[in-house]
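Student: Take a look at upload38.txt, compact mmCIF, C-alpha atoms:
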# COMPACT_ATOMS: atom_id res chain seq x y z
CA MET A 1407 -53.26 -61.30 5.75
CA THR A 1408 -50.60 -64.03 5.79
CA ALA A 1409 -47.38 -63.11 7.57
CA VAL A 1410 -44.27 -63.22 5.42
CA PRO A 1411 -41.14 -64.65 7.09
CA LEU A 1412 -38.32 -62.11 7.14
CA GLY A 1413 -35.46 -64.60 7.12
CA VAL A 1414 -33.16 -64.79 4.12
CA PRO A 1415 -34.22 -67.70 1.88
CA GLU A 1416 -31.89 -70.65 1.59
CA VAL A 1417 -30.01 -70.83 -1.69
CA PRO A 1418 -27.88 -73.61 -3.13
CA ALA A 1419 -24.22 -73.28 -2.24
CA ARG A 1420 -22.14 -72.10 -5.17
CA PRO A 1421 -18.40 -72.73 -5.45
CA ILE A 1422 -16.17 -69.67 -5.28
CA ALA A 1423 -14.63 -70.73 -8.60
CA GLU A 1424 -14.57 -73.62 -11.00
CA ARG A 1425 -11.93 -76.03 -9.77
CA ARG A 1426 -8.88 -76.48 -11.96
CA VAL A 1427 -9.04 -79.80 -13.76
CA SER A 1428 -6.39 -82.09 -12.29
CA ARG A 1429 -5.51 -85.73 -11.99
CA ARG A 1430 -6.80 -87.60 -8.97
CA ILE A 1431 -4.50 -89.56 -6.69
CA GLN A 1432 -5.28 -91.54 -3.57
CA VAL A 1433 -3.37 -90.79 -0.38
CA GLY A 1434 -4.67 -93.79 1.49
CA PRO A 1435 -8.45 -93.32 1.64
CA VAL A 1436 -8.21 -89.57 0.95
CA ALA A 1437 -8.65 -88.52 -2.66
CA VAL A 1438 -6.54 -85.56 -3.76
CA GLY A 1439 -7.28 -83.73 -7.02
CA GLY A 1440 -9.74 -84.61 -9.72
CA GLY A 1441 -12.51 -82.55 -8.12
CA ALA A 1442 -12.18 -84.15 -4.67
CA PRO A 1443 -12.76 -81.80 -1.71
CA VAL A 1444 -9.70 -79.79 -0.68
CA SER A 1445 -8.08 -81.67 2.20
CA VAL A 1446 -6.21 -80.29 5.21
CA GLN A 1447 -2.80 -81.56 6.23
CA SER A 1448 -0.30 -80.96 9.00
CA MET A 1449 3.02 -82.35 10.19
CA THR A 1450 4.07 -83.85 13.50
CA THR A 1451 6.70 -82.09 15.60
CA THR A 1452 7.80 -85.18 17.54
CA ARG A 1453 10.78 -87.34 16.77
CA THR A 1454 9.30 -89.99 14.52
CA SER A 1455 11.41 -92.62 16.25
CA ASP A 1456 9.39 -91.91 19.42
CA ILE A 1457 6.46 -93.96 18.22
CA GLY A 1458 4.24 -93.34 21.24
CA ALA A 1459 4.62 -89.56 21.18
CA THR A 1460 4.15 -89.44 17.41
CA LEU A 1461 0.98 -91.53 17.50
CA GLN A 1462 -0.35 -89.39 20.35
CA GLN A 1463 0.18 -86.22 18.33
CA ILE A 1464 -1.41 -87.83 15.28
CA ALA A 1465 -4.45 -88.68 17.43
CA GLU A 1466 -4.66 -85.03 18.54
CA LEU A 1467 -4.39 -83.86 14.94
CA THR A 1468 -7.07 -86.33 13.87
CA ALA A 1469 -9.39 -84.98 16.57
CA SER A 1470 -8.79 -81.43 15.32
CA GLY A 1471 -9.90 -82.37 11.80
CA CYS A 1472 -6.58 -83.16 10.11
CA GLN A 1473 -7.05 -85.53 7.17
CA ILE A 1474 -3.44 -86.32 6.19
CA VAL A 1475 -0.34 -86.16 8.38
CA ARG A 1476 3.33 -85.93 7.44
CA VAL A 1477 6.18 -87.24 9.59
CA ALA A 1478 9.88 -86.42 9.28
CA CYS A 1479 12.34 -89.18 8.51
CA PRO A 1480 15.91 -87.87 8.91
CA THR A 1481 17.45 -91.00 10.52
CA GLN A 1482 17.39 -94.76 10.30
CA ASP A 1483 15.59 -94.96 13.65
CA ASP A 1484 12.82 -92.80 12.16
CA ALA A 1485 12.64 -95.02 9.09
CA ASP A 1486 12.37 -98.09 11.31
CA ALA A 1487 9.38 -96.54 13.10
CA LEU A 1488 7.38 -95.80 9.96
CA ALA A 1489 5.73 -99.20 9.57
CA THR A 1490 4.20 -99.13 13.06
CA ILE A 1491 3.11 -95.52 12.75
CA ALA A 1492 1.57 -96.02 9.31
CA ARG A 1493 -0.31 -99.08 10.56
CA LYS A 1494 -1.65 -97.53 13.76
CA SER A 1495 -2.41 -94.00 12.58
CA GLN A 1496 -6.08 -93.14 12.13
CA ILE A 1497 -5.27 -90.96 9.10
CA PRO A 1498 -2.91 -91.45 6.12
CA VAL A 1499 0.78 -90.95 6.91
CA ILE A 1500 3.21 -89.32 4.48
CA ALA A 1501 6.94 -89.78 5.04
CA ASP A 1502 8.96 -86.60 4.56
CA ILE A 1503 12.34 -87.44 3.02
CA HIS A 1504 15.40 -85.24 2.62
CA PHE A 1505 19.04 -85.96 1.80
CA GLN A 1506 18.94 -89.78 1.80
CA PRO A 1507 17.23 -91.66 -1.08
CA LYS A 1508 17.39 -94.92 0.90
CA TYR A 1509 14.68 -93.61 3.20
CA VAL A 1510 12.35 -93.17 0.24
CA PHE A 1511 12.48 -96.93 -0.32
CA ALA A 1512 12.12 -97.57 3.42
CA ALA A 1513 8.96 -95.43 3.57
CA ILE A 1514 7.44 -97.20 0.57
CA GLU A 1515 8.20 -100.61 2.07
CA ALA A 1516 6.78 -99.46 5.42
CA GLY A 1517 3.37 -98.87 3.85
CA CYS A 1518 3.23 -95.09 4.10
CA ALA A 1519 0.27 -93.62 2.21
CA ALA A 1520 2.63 -91.36 0.22
CA VAL A 1521 6.20 -90.11 0.22
CA ARG A 1522 7.35 -86.51 -0.04
CA VAL A 1523 10.71 -86.03 -1.74
CA ASN A 1524 12.71 -82.81 -1.96
CA PRO A 1525 14.69 -83.03 -5.20
CA GLY A 1526 16.76 -79.99 -4.24
CA ASN A 1527 18.61 -81.74 -1.44
CA ILE A 1528 18.54 -85.49 -2.10
CA LYS A 1529 21.96 -86.46 -3.37
CA GLN A 1530 21.95 -88.19 -6.75
CA PHE A 1531 18.16 -88.15 -6.66
CA ASP A 1532 17.75 -87.93 -10.42
CA ASP A 1533 19.86 -91.09 -10.82
CA ARG A 1534 17.48 -93.04 -8.57
CA VAL A 1535 14.19 -91.96 -10.11
CA LYS A 1536 13.75 -95.17 -12.10
CA GLU A 1537 14.12 -97.31 -8.97
CA ILE A 1538 11.87 -95.03 -6.91
CA ALA A 1539 9.21 -94.97 -9.63
CA GLN A 1540 9.23 -98.76 -9.84
CA ALA A 1541 9.00 -99.24 -6.08
CA ALA A 1542 6.20 -96.66 -5.79
CA GLN A 1543 4.34 -98.24 -8.72
CA ASP A 1544 4.64 -101.72 -7.20
CA HIS A 1545 3.23 -100.56 -3.85
CA GLY A 1546 0.69 -98.05 -5.18
CA THR A 1547 2.42 -95.22 -3.33
CA PRO A 1548 1.98 -91.64 -4.61
CA ILE A 1549 4.98 -89.32 -4.65
CA ARG A 1550 4.84 -85.66 -3.71
CA ILE A 1551 7.50 -83.59 -5.42
CA GLY A 1552 8.05 -80.89 -2.82
CA VAL A 1553 10.12 -77.96 -4.05
CA ASN A 1554 11.13 -75.39 -1.43
CA ALA A 1555 12.65 -71.95 -1.95
CA GLY A 1556 15.12 -72.63 0.86
CA SER A 1557 16.50 -75.82 -0.67
CA LEU A 1558 16.31 -75.20 -4.39
CA ASP A 1559 18.72 -77.10 -6.63
CA ARG A 1560 21.96 -75.13 -6.99
CA ARG A 1561 21.82 -75.37 -10.77
CA LEU A 1562 18.55 -73.45 -10.79
CA LEU A 1563 19.81 -70.91 -8.27
CA GLN A 1564 22.73 -70.22 -10.59
CA LYS A 1565 20.41 -69.94 -13.58
CA TYR A 1566 17.82 -67.61 -12.00
CA GLY A 1567 19.88 -65.92 -9.29
CA LYS A 1568 17.32 -66.70 -6.58
CA ALA A 1569 14.20 -68.75 -5.92
CA THR A 1570 11.90 -67.06 -8.45
CA PRO A 1571 8.50 -68.50 -9.39
CA GLU A 1572 10.02 -69.66 -12.67
CA ALA A 1573 12.85 -71.46 -10.85
CA LEU A 1574 10.44 -73.26 -8.51
CA VAL A 1575 8.20 -74.35 -11.37
CA GLU A 1576 11.10 -75.50 -13.53
CA SER A 1577 12.45 -77.62 -10.69
CA ALA A 1578 9.10 -79.29 -10.06
CA LEU A 1579 8.30 -79.99 -13.70
CA TRP A 1580 11.80 -81.30 -14.40
CA GLU A 1581 11.49 -83.86 -11.62
CA ALA A 1582 7.97 -84.80 -12.71
CA SER A 1583 9.27 -85.37 -16.24
CA LEU A 1584 11.86 -87.83 -14.93
CA PHE A 1585 9.10 -89.89 -13.31
CA GLU A 1586 7.01 -89.62 -16.48
CA GLU A 1587 9.86 -91.14 -18.49
CA HIS A 1588 9.31 -94.30 -16.47
CA GLY A 1589 5.52 -94.24 -16.81
CA PHE A 1590 4.87 -92.98 -13.28
CA ARG A 1591 2.30 -90.21 -12.89
CA ASP A 1592 0.89 -90.82 -9.43
CA ILE A 1593 2.28 -87.45 -8.40
CA LYS A 1594 1.29 -84.30 -6.60
CA ILE A 1595 3.41 -81.16 -6.53
CA SER A 1596 4.18 -78.27 -4.20
CA VAL A 1597 6.29 -75.17 -4.90
CA LYS A 1598 6.57 -73.40 -1.55
CA HIS A 1599 8.02 -70.01 -0.74
CA ASN A 1600 7.87 -67.84 2.39
CA ASP A 1601 6.71 -64.82 0.36
CA PRO A 1602 3.01 -65.17 -0.52
CA VAL A 1603 3.42 -63.06 -3.68
CA VAL A 1604 6.14 -65.34 -5.06
CA MET A 1605 4.27 -68.43 -3.92
CA ILE A 1606 1.01 -67.36 -5.60
CA GLU A 1607 2.75 -66.66 -8.90
CA ALA A 1608 4.63 -69.97 -8.78
CA TYR A 1609 1.43 -71.97 -8.29
CA ARG A 1610 -0.35 -69.94 -10.96
CA GLN A 1611 2.36 -70.79 -13.48
CA LEU A 1612 2.47 -74.41 -12.37
CA ALA A 1613 -1.31 -74.78 -12.71
CA GLU A 1614 -1.07 -73.63 -16.33
CA GLN A 1615 1.70 -76.07 -17.22
CA CYS A 1616 0.55 -79.38 -15.76
CA ASP A 1617 -2.52 -81.27 -14.58
CA TYR A 1618 -1.03 -82.76 -11.42
CA PRO A 1619 -2.86 -82.11 -8.13
CA LEU A 1620 -1.27 -79.26 -6.19
CA HIS A 1621 -0.39 -79.12 -2.50
CA LEU A 1622 -0.56 -75.48 -1.36
CA GLY A 1623 1.71 -74.05 1.30
CA VAL A 1624 3.50 -70.89 2.37
CA THR A 1625 6.67 -72.34 3.84
CA GLU A 1626 8.05 -70.94 7.10
CA ALA A 1627 5.01 -68.68 7.30
CA GLY A 1628 5.94 -67.54 10.80
CA PRO A 1629 4.33 -67.27 14.25
CA ALA A 1630 0.62 -67.96 14.60
CA PHE A 1631 -0.73 -64.48 13.78
CA GLN A 1632 1.64 -63.64 10.93
CA GLY A 1633 1.53 -67.15 9.49
CA THR A 1634 -2.24 -67.23 9.57
CA ILE A 1635 -2.47 -63.96 7.65
CA LYS A 1636 0.11 -64.99 5.04
CA SER A 1637 -1.47 -68.40 4.53
CA ALA A 1638 -5.01 -67.04 4.35
CA VAL A 1639 -4.02 -64.41 1.78
CA ALA A 1640 -2.07 -66.87 -0.39
CA PHE A 1641 -4.56 -69.72 -0.20
CA GLY A 1642 -7.48 -67.38 -0.78
CA ALA A 1643 -5.85 -65.91 -3.88
CA LEU A 1644 -5.25 -69.37 -5.35
CA LEU A 1645 -8.35 -71.24 -4.22
CA SER A 1646 -10.53 -68.37 -5.49
CA ARG A 1647 -9.12 -69.20 -8.93
CA GLY A 1648 -9.82 -72.91 -8.47
CA ILE A 1649 -6.13 -73.71 -7.87
CA GLY A 1650 -5.26 -76.10 -5.04
CA ASP A 1651 -6.21 -79.63 -4.02
CA THR A 1652 -4.77 -80.02 -0.53
CA ILE A 1653 -3.33 -77.46 1.92
CA ARG A 1654 -0.92 -77.26 4.81
CA VAL A 1655 -0.71 -74.11 6.95
CA SER A 1656 2.86 -73.85 8.27
CA LEU A 1657 2.93 -72.09 11.64
CA SER A 1658 5.42 -71.75 14.47
CA ALA A 1659 2.66 -73.09 16.69
CA PRO A 1660 1.25 -76.48 17.76
CA PRO A 1661 0.22 -78.53 14.70
CA ALA A 1662 -3.44 -78.63 15.73
CA GLU A 1663 -3.51 -74.85 15.31
CA GLU A 1664 -2.40 -75.29 11.70
CA VAL A 1665 -5.36 -77.57 11.12
CA LYS A 1666 -7.84 -75.15 12.72
CA VAL A 1667 -6.60 -72.32 10.51
CA GLY A 1668 -6.71 -74.49 7.40
CA ILE A 1669 -10.26 -75.58 8.09
CA GLN A 1670 -11.37 -72.02 8.74
CA ILE A 1671 -9.84 -70.86 5.45
CA LEU A 1672 -11.75 -73.52 3.53
CA GLU A 1673 -14.99 -72.73 5.35
CA SER A 1674 -14.59 -69.01 4.70
CA LEU A 1675 -14.25 -69.70 0.98
CA GLY A 1676 -17.24 -72.02 0.91
CA LEU A 1677 -15.02 -75.00 0.09
CA ARG A 1678 -16.07 -76.86 3.21
CA GLN A 1679 -19.40 -76.86 4.98
CA ARG A 1680 -19.46 -74.24 7.69
CA ARG A 1681 -19.98 -75.40 11.25
CA LEU A 1682 -20.79 -73.19 14.20
CA GLU A 1683 -20.18 -69.57 13.20
CA ILE A 1684 -20.47 -66.58 15.50
CA VAL A 1685 -21.19 -63.34 13.64
CA SER A 1686 -20.49 -60.44 15.98
CA CYS A 1687 -20.04 -56.72 15.38
CA PRO A 1688 -16.68 -55.09 16.12
CA SER A 1689 -18.40 -52.64 18.46
CA CYS A 1690 -18.38 -48.85 18.21
CA GLY A 1691 -19.79 -45.79 19.95
CA ARG A 1692 -23.33 -46.87 19.03
CA ALA A 1693 -23.09 -50.13 20.97
CA GLN A 1694 -25.30 -50.22 24.05
CA VAL A 1695 -24.00 -53.54 25.40
CA ASP A 1696 -20.55 -55.08 25.88
CA VAL A 1697 -20.36 -56.94 22.55
CA TYR A 1698 -16.95 -58.44 23.28
CA LYS A 1699 -18.19 -59.99 26.51
CA LEU A 1700 -21.41 -61.24 24.90
CA ALA A 1701 -19.58 -62.82 21.96
CA ASP A 1702 -17.02 -64.50 24.21
CA GLU A 1703 -19.67 -65.92 26.52
CA VAL A 1704 -21.83 -67.22 23.68
CA THR A 1705 -18.79 -68.76 21.99
CA ALA A 1706 -17.76 -70.49 25.22
CA GLY A 1707 -21.30 -71.71 25.85
CA LEU A 1708 -21.60 -73.26 22.39
CA GLU A 1709 -18.11 -74.75 22.24
CA GLY A 1710 -18.15 -78.19 20.68
CA MET A 1711 -21.36 -77.69 18.70
CA GLU A 1712 -20.92 -79.45 15.37
CA VAL A 1713 -23.99 -78.51 13.35
CA PRO A 1714 -23.75 -75.71 10.73
CA LEU A 1715 -25.31 -72.99 12.88
CA ARG A 1716 -24.84 -69.25 12.37
CA VAL A 1717 -25.36 -67.13 15.49
CA ALA A 1718 -25.37 -63.32 15.28
CA VAL A 1719 -24.44 -61.31 18.38
CA MET A 1720 -25.10 -57.66 17.62
CA GLY A 1721 -24.81 -54.59 19.83
CA CYS A 1722 -26.85 -51.78 18.27
CA VAL A 1723 -29.92 -50.97 16.20
CA VAL A 1724 -28.09 -50.00 12.98
CA ASN A 1725 -26.97 -53.40 11.65
CA GLY A 1726 -28.21 -55.54 14.52
CA PRO A 1727 -31.74 -56.43 13.40
CA GLY A 1728 -30.65 -57.10 9.81
CA GLU A 1729 -27.73 -59.35 10.79
CA ALA A 1730 -29.82 -61.14 13.39
CA ARG A 1731 -32.54 -61.87 10.83
CA GLU A 1732 -30.04 -63.32 8.37
CA ALA A 1733 -28.60 -65.75 10.92
CA ASP A 1734 -30.17 -68.99 12.14
CA LEU A 1735 -30.22 -67.44 15.57
CA GLY A 1736 -29.40 -63.91 16.66
CA VAL A 1737 -29.77 -61.08 19.10
CA ALA A 1738 -30.09 -57.37 18.46
CA SER A 1739 -29.21 -55.64 21.74
CA GLY A 1740 -29.87 -52.20 23.13
CA ASN A 1741 -31.44 -50.27 26.02
CA GLY A 1742 -30.74 -53.05 28.50
CA LYS A 1743 -32.53 -55.77 26.55
CA GLY A 1744 -32.16 -58.01 23.52
CA GLN A 1745 -34.51 -59.11 20.76
CA ILE A 1746 -33.98 -62.81 20.03
CA PHE A 1747 -34.40 -63.85 16.40
CA VAL A 1748 -34.85 -67.43 15.17
CA LYS A 1749 -34.82 -67.96 11.40
CA GLY A 1750 -35.49 -64.29 10.78
CA GLU A 1751 -38.38 -63.79 13.21
CA VAL A 1752 -38.42 -62.23 16.67
CA ILE A 1753 -39.46 -64.90 19.17
CA LYS A 1754 -38.95 -62.97 22.40
CA THR A 1755 -37.35 -59.98 24.08
CA VAL A 1756 -35.23 -60.64 27.17
CA PRO A 1757 -33.29 -58.52 29.69
CA GLU A 1758 -29.61 -58.03 28.92
CA SER A 1759 -28.70 -60.36 31.80
CA LYS A 1760 -30.61 -63.21 30.11
CA ILE A 1761 -29.26 -62.82 26.56
CA VAL A 1762 -26.47 -65.38 26.78
CA GLU A 1763 -28.46 -68.14 28.45
CA THR A 1764 -31.39 -67.57 26.08
CA LEU A 1765 -29.17 -67.77 23.01
CA ILE A 1766 -27.58 -70.97 24.26
CA GLU A 1767 -30.97 -72.55 25.02
CA GLU A 1768 -32.33 -71.65 21.58
CA ALA A 1769 -29.13 -72.82 19.89
CA MET A 1770 -29.46 -76.21 21.55
CA LYS A 1771 -33.06 -76.50 20.34
CA ILE A 1772 -32.09 -75.60 16.77
CA ALA A 1773 -29.11 -77.97 16.83
CA GLU A 1774 -31.27 -80.82 18.07
CA GLN A 1775 -33.79 -80.19 15.29
CA MET A 1776 -30.98 -80.04 12.72
CA GLU A 1777 -29.64 -83.38 13.89
CA GLN A 1778 -33.13 -84.92 13.72
CA ASP A 1779 -33.49 -83.55 10.19
CA GLY A 1780 -30.17 -85.07 9.21
CA VAL A 1781 -28.39 -81.79 8.56
CA GLY A 1782 -24.67 -82.52 8.01
CA SER A 1783 -22.23 -81.77 10.76
CA GLY A 1784 -18.53 -81.06 10.77
CA GLU A 1785 -15.69 -80.69 13.22
CA PRO A 1786 -16.27 -78.02 15.89
CA ALA A 1787 -14.97 -74.54 15.18
CA VAL A 1788 -15.92 -70.91 15.82
CA THR A 1789 -15.39 -67.83 13.71
CA VAL A 1790 -15.74 -64.42 15.37
CA SER A 1791 -15.78 -61.57 12.90
What does the file become when written as structure tokens?
Tutor:
Amino acid sequence: MTAVPLGVPEVPARPIAERRVSRRIQVGPVAVGGGAPVSVQSMTTTRTSDIGATLQQIAELTASGCQIVRVACPTQDDADALATIARKSQIPVIADIHFQPKYVFAAIEAGCAAVRVNPGNIKQFDDRVKEIAQAAQDHGTPIRIGVNAGSLDRRLLQKYGKATPEALVESALWEASLFEEHGFRDIKISVKHNDPVVMIEAYRQLAEQCDYPLHLGVTEAGPAFQGTIKSAVAFGALLSRGIGDTIRVSLSAPPAEEVKVGIQILESLGLRQRRLEIVSCPSCGRAQVDVYKLADEVTAGLEGMEVPLRVAVMGCVVNGPGEAREADLGVASGNGKGQIFVKGEVIKTVPESKIVETLIEEAMKIAEQMEQDGVGSGEPAVTVS
């Protein structure tokens, strides 16, 4: 009788939702909107005028998987540094402009891939839209209209009483309409708020009222743990409805951490190919091995692996065998030993002391075969659930 493999059959990846139909713009070589993959952004924390430090941080962000980077431009010295930074950066650079419209023109002239403007705090911004639109059109520079709850136009605050979803949307669409009057539509929009509930509703309304690509963000999301939760909840709610074309996770943490969180959110939603993923049980009274220790050691041993490999580290006989069979590689542990599964089949049983090294050896074999077979790889990351 022919043996039947117990592994779960491969199925075509299905999107979590149909993507909202939006215009496509080009931020340098990165397409945003129009069905392009959702991109991950971050922002440097250095003084932009310190060209060396800024380029170093951009290199670190690039290595972490960041696709677009934004730099602040509050002074003339920062504006003067933009041309060098834009030319030497490995990824597209967006200039972040507040208060002074002259820096918008400086960023466009410097060759930045896009310019973010905050209409709520740029003096006489509306009066300069025609000039800005013409300069951006001439240089092929997209404009991001970035509305923030904390710097909403006073006229709208007076009208709505506070930064409501309706106020944020009205501000963004009003500014977009001014650009449209001059034939400029190379625009993306953000309507950020620190409250995920308000932010979600603002983007939902905005998505219904325009076809511009949308940059998602929970502004001032907070320290790493809190900000990660708020961003994951908000982005998940929107992306699961097909809303969102590029994301920035705002954390009070090093920028590379923002990128890691953003990538993990997209992977968790199936919007980006998963890389190394560790599936491990939370442990309970049934566990017969130290699951925490096993998961940590396996994660450390496979750090840097870039192929889409799912490894299950399970500590008891209830869910262990099933989870291990569903993974590319797994172990179901108990009674001082572990059953090692590869593609759903038990290949060997090893003592508990040999579980970690055996999993790492088998993972390397599978990864090598994947690379030979041309299976796509991504930036390294690990999810422990």
Student: Looking at all atoms listed in the file, which of A:Arg1591, A:Arg1493, A:Lys1749, A:Lys1565 is the one that sits closest to Ala1519 of chain A?
Tutor: A:Arg1493
Student: Within 9 Å of Ser1637 of chain A, counting all atoms listed in the file, which residues show up once you throw out same-chain ones fewer than 4 positions away? Write them as an MDAnalysis selection string, please.
Tutor: chainID A and resid 1602 1623:1624 1627 1632:1633 1641:1642 1654:1656 1667:1668 1671
Student: Set the distance at 10 Å and use all atoms listed in the file: which residues neighbour Leu1700 of chain A once local chain neighbours fewer than 3 positions away are removed? I'd like the list as a list in words.
Tutor: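 In the requested form, the answer reads Ser1686, Val1695, Asp1696, Val1697, Glu1703, Val1704, Thr1705, Ala1706, Val1719, Met1720, Gly1721, Glu1758, Ile1761 and Val1762 of chain A.
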Student: Kindly provide the residues of segment 1593-1613 of chain A that approach segment 1553-1562 of chain A to within 8 Å, each paired with its closest atom pair and their distance in Å to one decimal, based on all atoms listed in the file, listed by chain and increasing number, as a tab-separated table.
Tutor:
residue	atom	partner	partner_atom	distance
A:Ile1595	CA	A:Val1553	CA	7.8
A:Ser1596	CA	A:Val1553	CA	5.9
A:Val1597	CA	A:Val1553	CA	4.8
A:Lys1598	CA	A:Asn1554	CA	5.0
A:His1599	CA	A:Ala1555	CA	5.2
A:Asn1600	CA	A:Ala1555	CA	7.7
Student: Excluding Leu1765 of chain A and any residue of its chain fewer than 6 positions from it, enumerate the residues within 12 Å of it, using only C-alpha atoms, and give them as a PDB file with C-alpha atoms, in the frame of the given file.
Tutor:
ATOM      1  CA  ILE A1684     -20.470 -66.580  15.500  1.00  0.00           C
ATOM      2  CA  LEU A1700     -21.410 -61.240  24.900  1.00  0.00           C
ATOM      3  CA  ALA A1701     -19.580 -62.820  21.960  1.00  0.00           C
ATOM      4  CA  GLU A1703     -19.670 -65.920  26.520  1.00  0.00           C
ATOM      5  CA  VAL A1704     -21.830 -67.220  23.680  1.00  0.00           C
ATOM      6  CA  THR A1705     -18.790 -68.760  21.990  1.00  0.00           C
ATOM      7  CA  ALA A1706     -17.760 -70.490  25.220  1.00  0.00           C
ATOM      8  CA  GLY A1707     -21.300 -71.710  25.850  1.00  0.00           C
ATOM      9  CA  LEU A1708     -21.600 -73.260  22.390  1.00  0.00           C
ATOM     10  CA  ARG A1716     -24.840 -69.250  12.370  1.00  0.00           C
ATOM     11  CA  VAL A1717     -25.360 -67.130  15.490  1.00  0.00           C
ATOM     12  CA  ALA A1718     -25.370 -63.320  15.280  1.00  0.00           C
ATOM     13  CA  VAL A1719     -24.440 -61.310  18.380  1.00  0.00           C
ATOM     14  CA  ALA A1730     -29.820 -61.140  13.390  1.00  0.00           C
ATOM     15  CA  ASP A1734     -30.170 -68.990  12.140  1.00  0.00           C
ATOM     16  CA  LEU A1735     -30.220 -67.440  15.570  1.00  0.00           C
ATOM     17  CA  GLY A1736     -29.400 -63.910  16.660  1.00  0.00           C
ATOM     18  CA  VAL A1737     -29.770 -61.080  19.100  1.00  0.00           C
ATOM     19  CA  ALA A1738     -30.090 -57.370  18.460  1.00  0.00           C
ATOM     20  CA  GLY A1744     -32.160 -58.010  23.520  1.00  0.00           C
ATOM     21  CA  GLN A1745     -34.510 -59.110  20.760  1.00  0.00           C
ATOM     22  CA  ILE A1746     -33.980 -62.810  20.030  1.00  0.00           C
ATOM     23  CA  PHE A1747     -34.400 -63.850  16.400  1.00  0.00           C
ATOM     24  CA  VAL A1748     -34.850 -67.430  15.170  1.00  0.00           C
ATOM     25  CA  ILE A1753     -39.460 -64.900  19.170  1.00  0.00           C
ATOM     26  CA  LYS A1754     -38.950 -62.970  22.400  1.00  0.00           C
ATOM     27  CA  THR A1755     -37.350 -59.980  24.080  1.00  0.00           C
ATOM     28  CA  VAL A1756     -35.230 -60.640  27.170  1.00  0.00           C
ATOM     29  CA  GLU A1758     -29.610 -58.030  28.920  1.00  0.00           C
ATOM     30  CA  SER A1759     -28.700 -60.360  31.800  1.00  0.00           C
ATOM     31  CA  LYS A1771     -33.060 -76.500  20.340  1.00  0.00           C
ATOM     32  CA  ILE A1772     -32.090 -75.600  16.770  1.00  0.00           C
ATOM     33  CA  ALA A1773     -29.110 -77.970  16.830  1.00  0.00           C
TER      34      ALA A1773
END
Student: Can you tell me, as a count of residues only, what residues are no more than 12 Å from Ala1582 of chain A when counting only C-alpha atoms, ignoring any on the same chain fewer than 2 positions away?
Tutor: 36
Student: Please compute the atom CA of Arg1522 of chain A-atom CA of Pro1571 of chain A distance, one decimal, in Å.
Tutor: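 Answer for the atom CA of Arg1522 of chain A to atom CA of Pro1571 of chain A separation: 20.3 Å.
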Student: Just to confirm, what's the straight-line distance from atom CA of Ser1674 of chain A to atom CA of Ala1423 of chain A in Å (one decimal)?
Tutor: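 About the pair atom CA of Ser1674 of chain A and atom CA of Ala1423 of chain A: they are 13.4 Å apart.
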Student: Give me, please, the distance in Å between atom CA of Gly1742 of chain A and atom CA of Glu1767 of chain A, quoted to one decimal.
Tutor: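 Computing the Euclidean distance for atom CA of Gly1742 of chain A and atom CA of Glu1767 of chain A yields 19.8 Å.
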Student: When you count only C-alpha atoms, which of these residues is closest to Thr1652 of chain A: A:Gly1526, A:Pro1443, A:Pro1507, A:Pro1548?
Tutor: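 Nearest candidate to Thr1652 of chain A out of A:Gly1526, A:Pro1443, A:Pro1507, A:Pro1548: A:Pro1443.
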Student: Can you list, as an mmCIF file with C-alpha atoms, in the coordinates of the input, every protein, DNA or RNA residue that comes within 7 Å of segment 1499-1503 of chain A when you count only C-alpha atoms, leaving out same-chain residues fewer than 3 positions away?
Tutor:
data_model
loop_
_atom_site.group_PDB
_atom_site.id
_atom_site.type_symbol
_atom_site.label_atom_id
_atom_site.label_comp_id
_atom_site.auth_asym_id
_atom_site.auth_seq_id
_atom_site.Cartn_x
_atom_site.Cartn_y
_atom_site.Cartn_z
ATOM 1 C CA ILE A 1474 -3.440 -86.320 6.190
ATOM 2 C CA VAL A 1475 -0.340 -86.160 8.380
ATOM 3 C CA ARG A 1476 3.330 -85.930 7.440
ATOM 4 C CA VAL A 1477 6.180 -87.240 9.590
ATOM 5 C CA ALA A 1478 9.880 -86.420 9.280
ATOM 6 C CA CYS A 1479 12.340 -89.180 8.510
ATOM 7 C CA PRO A 1480 15.910 -87.870 8.910
ATOM 8 C CA ALA A 1492 1.570 -96.020 9.310
ATOM 9 C CA TYR A 1509 14.680 -93.610 3.200
ATOM 10 C CA VAL A 1510 12.350 -93.170 0.240
ATOM 11 C CA ALA A 1513 8.960 -95.430 3.570
ATOM 12 C CA CYS A 1518 3.230 -95.090 4.100
ATOM 13 C CA ALA A 1519 0.270 -93.620 2.210
ATOM 14 C CA ALA A 1520 2.630 -91.360 0.220
ATOM 15 C CA VAL A 1521 6.200 -90.110 0.220
ATOM 16 C CA ARG A 1522 7.350 -86.510 -0.040
ATOM 17 C CA VAL A 1523 10.710 -86.030 -1.740
ATOM 18 C CA ASN A 1524 12.710 -82.810 -1.960
#
Student: For Ala1608 of chain A, which residue out of A:Met1776, A:Ala1573, A:Ile1538, A:Ala1638 is the nearest one, using all atoms listed in the file?
Tutor: A:Ala1573
Student: Looking at A:Gln1543, A:Thr1570, A:Thr1452, A:Ser1445, which one is nearest to Asp1484 of chain A, with distances taken over all atoms listed in the file?
Tutor: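 Of A:Gln1543, A:Thr1570, A:Thr1452, A:Ser1445, the one nearest Asp1484 of chain A, counting all atoms listed in the file, is A:Thr1452.
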Student: Give as a PyMOL selection string the set of residues within 12 Å of the point (-4.6, -75.8, 18.4), where distances use the file's coordinates and all atoms listed in the file.
Tutor: chain A and resi 1448+1463+1466-1472+1630+1657-1669+1787
Student: When distances are computed from only C-alpha atoms, which of A:Ser1455, A:Gln1775, A:Thr1490, A:Ser1495 shows the smallest separation from Gln1473 of chain A?
Tutor: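 The answer is A:Ser1495, which sits nearest to Gln1473 of chain A.
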